[in-house]
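To start, the structure itself, in structure tokens.
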Amino acid sequence: MLMARAHLAKVQPKKAALDDESVEKVEIDTTDLATRELNDRLRDLMLAGTKEAVLRNVCGQRYIGTRLYSPEHRKMEIEIFGTPGNDLGAFLFGHKIIVHGNAQDGVGNTMDAGEIVIEGRAGDVLGFSMRGGKIFVRDSVGYRTALHMKEYEDKIPVLVIGGTSQDFLGEYMAGGIVILLGLGGKPHNGNFMGTGMHGGIIYLRGTVEKTQVGGQVEISPLDEEDREIVEHYISEFIERFPGLSLEKEQILKDEWIRLSPKSKRPYGKLYAY
Amino acid sequence: MKSFVFPEFQIIRDEEKCGQCRGCERQCAFGTHTYDPVLDRLVSDNYKCAGCQRCAIFCPKGAIEVRPTQSFYRPNASWSREKLEDLKKQAETGGVILTGCGNDKPFRIYWDHIVLNASQVTNPSIDPLREPMELRTFLGAKPDFMDVKTNKGDVEIETKLGPNLMVETPILFSAMSYGAISYNAFRSLATAACSSGTFFNTGEGGLPKEMRGEFGKCAIVQVASGRFGIDAEYLNCAAAVEIKVGQGAKPGIGGHLPGEKVSAAVAATRMIPMGTDAISPAPHHDIYSIEDLSMLIYALKEATNYEKPVSVKIAAVHNFAAIASGIVRAGADIIAIDGLRGGTGAAPKVIRDNVGIPIELAISSLDRRLRNEGIRNRASIIAAGGIRCSADVIKAIALGADAVYIGSAALIAMGCNLCQKCYTGKCKQGICTQDPRLSGRLNVEIASQRLSNLIHAWSHEISEMLGGMGINALESLRGNRDHLRGVGLYEWELDVMGIKGAGE
């Protein structure tokens, strides 16, 4: 996949200098582009000052958005048509990615800032160790979602999922906010939710059994402050998916629960000295 | 509950010499010595003593002696004192026995059973004081073939080379995180690495923002299972990126930096709230296979624009050579292997003392495996875990390593006495602590000078030993087992290391 290809010369522009006259919006047909070629291209565009890239026919190219670090914190919006490969937006440094379709595993891995919107479903390990920014997924997500998410002061990652999640949601979670809207009427069937959780908060519309959550997790109803947070992010979710024609009030008035850590030091008493 | 454990150390104070200056009271981080104003004398609580000798070293009158207690349980070869006491502690607390520093059990130290060669008569030895000696090493992937072109006698390399680290001497500082060690200790390592032409490793505690500009170029930044303090800037400011999978002191398990050590500055560097436990899970939860590891390796290469070598650090365990081969094929440019005697700030004693294999055996089997598979050039090997002196370094290289990491040795250079109480966060040398009163004891200028001195001294000794063998470049010794012989080793041990017995 990483091998250079013969037709590369046709599609790859000369490396653009920083102060070249920039093109605001660029469209790329990615049909024949390998991962590295596509990401080379995106990086050049970012350095040339492009604000928006539209990628057509994406099919499995990995790490889209990952190569876009710049000391000046340049920001870009990437619109993807097709199915991006694993690690979409890994280490994302403040960019915005919209996927018109499904996403695979590792979306937003160790993401730092920015926003990812998936108009479909996402695979496993979504938002792993995410430390900032927001991810919105229209449908459901796979296993090991929001593992070890963390937060620091006002940098709080947010994950809003339209459907439900599979097992191990929020394992070792250390910070951030996860909201599962449970749309589509399916119950939350995931097990081992929040095992080892010692920070952050998970809100679920619907309910879960005690046997579905880890021993370090407390299940409780939402208080006023929780409701404000949930309401705020439901509004943001609705804004991103107008096609769903969702009613905020309708969603809010259903049963909600909160999963939170019993302690921020779950293993404090494990040791003898 | 009454404890049935009796003190490990006995403090003997010469009352005639003691001037009641209370220096010992100030120096001890565990509160062993207290001043009794009624009696006008210092009293010591043997139970609190860690045997670090700080009070004895700092007593201006030389009035204090600390020695292992002379009291004993009835001698028993099966139930050693340590076994008895650990068991009692567990019966009293129900906890896992925690310890610090490397494995202190009498496993065979192979370094001490290997001897080096020297030139006699033929192939005369080289005097490093008179002739240039090449210790410079490049760490990273080398191409399978290299196209060169000569231009008026100058040789130019035409093949595009991948990123490599250039070290002036094959000794790097092992991963020790800011959080586990103090800011001053961390900064001392960084300072010494930069001034000695080598690298320090940030561990998984992040790199404080104010250090990135000055020290990033000598930093290997670590990405471990907790992913603390990682952002694109952290990755891009560094010279190389290392994925930590395992550690010699505690293969197979994760780490917990206790909340007490997560001060405001540590929290800011790790980007987690102050006072929470910083938990590094045992596995990376996005790596369950070689393919997953490859995905992270390339994610890091993408994040750093393919400009930096990516290292993968694993603990040396039974089948590690096959795994390491997979790691090289997954795209790693450097493999760091950490052996049984590798140090740590905190590990369950049962893991530290019972899991993993000695580094000497590991280096050789890894080097041989990669050679046999024809992929040795695709990754460099950094060996760690139990390197104590320059002879260990040179033997590691002759067994097949490209360079070594030193951890405990670097800490000892800064003042550590291996009292094994790192996990308490009360290091009286100011190394393994976040208590400003204690960490202030470590002067960055002096500590970094001690580290630079160590690197300088070892490098010179390596040059001397190389010269003695008639070799003027470290490159010629790498994997050159002909320069090693074993003494007092079984045949299987010689076979694993690929060396002959002495006299053969």
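Just so we're on the same page: first chain in the structure tokens is A, next is B, and so on; residues restart at 1 for each chain, and ligands are numbered from 1 in the order they show up.
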Just list as a ChimeraX atom specification whatever in segment 7-123 of chain B DSSP marks as strand (DSSP E or B). /B:9-13,33-36,41-44,64-68,96-99,114-116
Mind checking which residues fall within 8 Å of segment 174-185 of chain A, counting only C-alpha atoms, ignoring those fewer than 2 positions away in the same chain, and posting them as number ranges by chain? A: 131, 139, 146, 148-152, 156-165, 172, 187-188, 197-206, 230, 251; B: 272
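Here the question is which of A:Met173, A:Leu244, A:Ile219, A:Leu45 gets nearest to chain B using only C-alpha atoms, and that residue is A:Met173.
For the pair atom CA of Ala219 of chain B and atom CA of Thr202 of chain B, the interatomic distance is 6.7 Å.
Within 7 Å of chain B, and using only C-alpha atoms, the residues found on chain A are A:Tyr63, A:Thr66, A:Arg67, A:Tyr69, A:Ala90, A:Phe91, A:Phe93, A:Asp112, A:Val125, A:Ser129, A:Lys150, A:Glu151, A:Tyr152, A:Glu153, A:Lys264, A:Arg265, A:Leu270, A:Tyr271, A:Ala272, A:Tyr273.
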Could you take the residues named above and write them with C-alpha atoms, as a PDB file, in the first residue's frame?
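Output file selection08.pdb follows:
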ATOM      1  CA  TYR A  63      -4.502   7.992   8.783  1.00  0.00           C
ATOM      2  CA  THR A  66      -2.815  12.485  10.858  1.00  0.00           C
ATOM      3  CA  ARG A  67      -0.032  14.120   8.831  1.00  0.00           C
ATOM      4  CA  TYR A  69       0.734  18.880  12.162  1.00  0.00           C
ATOM      5  CA  ALA A  90      -5.280   9.791  14.646  1.00  0.00           C
ATOM      6  CA  PHE A  91      -3.379  12.449  16.666  1.00  0.00           C
ATOM      7  CA  PHE A  93      -4.343  18.504  15.638  1.00  0.00           C
ATOM      8  CA  ASP A 112      -5.767  16.181  20.425  1.00  0.00           C
ATOM      9  CA  VAL A 125     -11.471   1.511  19.284  1.00  0.00           C
ATOM     10  CA  SER A 129      -7.013   7.892  24.504  1.00  0.00           C
ATOM     11  CA  LYS A 150      -8.636  11.748  29.394  1.00  0.00           C
ATOM     12  CA  GLU A 151      -9.044  15.430  30.163  1.00  0.00           C
ATOM     13  CA  TYR A 152      -7.070  18.333  31.508  1.00  0.00           C
ATOM     14  CA  GLU A 153      -8.594  21.562  32.778  1.00  0.00           C
ATOM     15  CA  LYS A 264     -10.375   8.667  40.926  1.00  0.00           C
ATOM     16  CA  ARG A 265      -7.956   6.197  42.503  1.00  0.00           C
ATOM     17  CA  LEU A 270      -3.840  -2.574  45.948  1.00  0.00           C
ATOM     18  CA  TYR A 271      -0.361  -2.492  47.413  1.00  0.00           C
ATOM     19  CA  ALA A 272       1.598  -3.376  50.543  1.00  0.00           C
ATOM     20  CA  TYR A 273       4.833  -1.519  51.227  1.00  0.00           C
TER      21      TYR A 273
END
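Considering only segment 203-232 of chain B, backbone DSSP assigns alpha helix (DSSP H) to Lys209, Glu210, Met211, Arg212, Gly213, Glu214, Phe215 and Ala232 of chain B.
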Keeping only all heavy atoms, write the selected residues to a file as a short mmCIF file (atom, residue, chain, number, x, y, z; two decimals), in the first residue's frame.
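The file below, result_2.cif, is the result:
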data_model
loop_
_atom_site.label_atom_id
_atom_site.label_comp_id
_atom_site.auth_asym_id
_atom_site.auth_seq_id
_atom_site.Cartn_x
_atom_site.Cartn_y
_atom_site.Cartn_z
N LYS B 209 6.41 21.49 28.12
CA LYS B 209 6.43 22.36 26.94
C LYS B 209 7.69 23.22 26.88
O LYS B 209 8.27 23.41 25.81
CB LYS B 209 5.19 23.25 26.93
CG LYS B 209 3.95 22.53 26.42
CD LYS B 209 2.91 23.53 25.92
CE LYS B 209 1.61 22.90 25.47
NZ LYS B 209 1.65 21.70 24.68
N GLU B 210 8.12 23.72 28.04
CA GLU B 210 9.26 24.66 28.02
C GLU B 210 10.57 23.93 27.70
O GLU B 210 11.57 24.57 27.42
CB GLU B 210 9.37 25.42 29.34
CG GLU B 210 10.00 24.66 30.50
CD GLU B 210 9.03 23.74 31.23
OE1 GLU B 210 7.88 23.61 30.77
OE2 GLU B 210 9.43 23.13 32.24
N MET B 211 10.56 22.60 27.73
CA MET B 211 11.80 21.87 27.41
C MET B 211 11.87 21.45 25.95
O MET B 211 12.91 21.01 25.47
CB MET B 211 11.89 20.61 28.29
CG MET B 211 12.27 20.89 29.74
SD MET B 211 12.37 19.37 30.72
CE MET B 211 13.79 18.56 29.97
N ARG B 212 10.74 21.56 25.24
CA ARG B 212 10.68 20.99 23.88
C ARG B 212 11.65 21.65 22.92
O ARG B 212 12.30 20.97 22.13
CB ARG B 212 9.25 21.07 23.35
CG ARG B 212 8.32 20.13 24.10
CD ARG B 212 6.90 20.20 23.63
NE ARG B 212 6.10 19.28 24.43
CZ ARG B 212 4.80 19.09 24.28
NH1 ARG B 212 4.14 19.74 23.34
NH2 ARG B 212 4.16 18.23 25.05
N GLY B 213 11.75 22.98 23.00
CA GLY B 213 12.63 23.70 22.07
C GLY B 213 14.08 23.31 22.26
O GLY B 213 14.79 22.97 21.33
N GLU B 214 14.53 23.34 23.53
CA GLU B 214 15.95 23.14 23.81
C GLU B 214 16.34 21.66 23.77
O GLU B 214 17.42 21.31 23.30
CB GLU B 214 16.26 23.73 25.18
CG GLU B 214 17.75 23.77 25.48
CD GLU B 214 18.05 24.38 26.85
OE1 GLU B 214 17.11 24.92 27.49
OE2 GLU B 214 19.21 24.30 27.28
N PHE B 215 15.47 20.80 24.30
CA PHE B 215 15.88 19.41 24.49
C PHE B 215 15.21 18.41 23.54
O PHE B 215 15.56 17.24 23.54
CB PHE B 215 15.63 18.99 25.94
CG PHE B 215 16.41 19.80 26.94
CD1 PHE B 215 15.77 20.76 27.72
CD2 PHE B 215 17.77 19.63 27.08
CE1 PHE B 215 16.49 21.51 28.64
CE2 PHE B 215 18.50 20.37 28.00
CZ PHE B 215 17.86 21.33 28.78
N ALA B 232 0.60 16.15 18.79
CA ALA B 232 1.42 16.14 17.57
C ALA B 232 2.71 16.94 17.78
O ALA B 232 3.74 16.61 17.20
CB ALA B 232 0.61 16.70 16.42
#
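Here atom CA of Ser177 of chain B and atom CA of Ala29 of chain B stand 21.5 Å from one another.
Interatomic distance, atom CA of Pro266 of chain A to atom CA of Ile229 of chain A: 25.4 Å.
Nearest to Gln120 of chain B of all the residues B:Cys427, B:Ile387, B:Met469, B:Leu484 is B:Met469, based on only C-alpha atoms.
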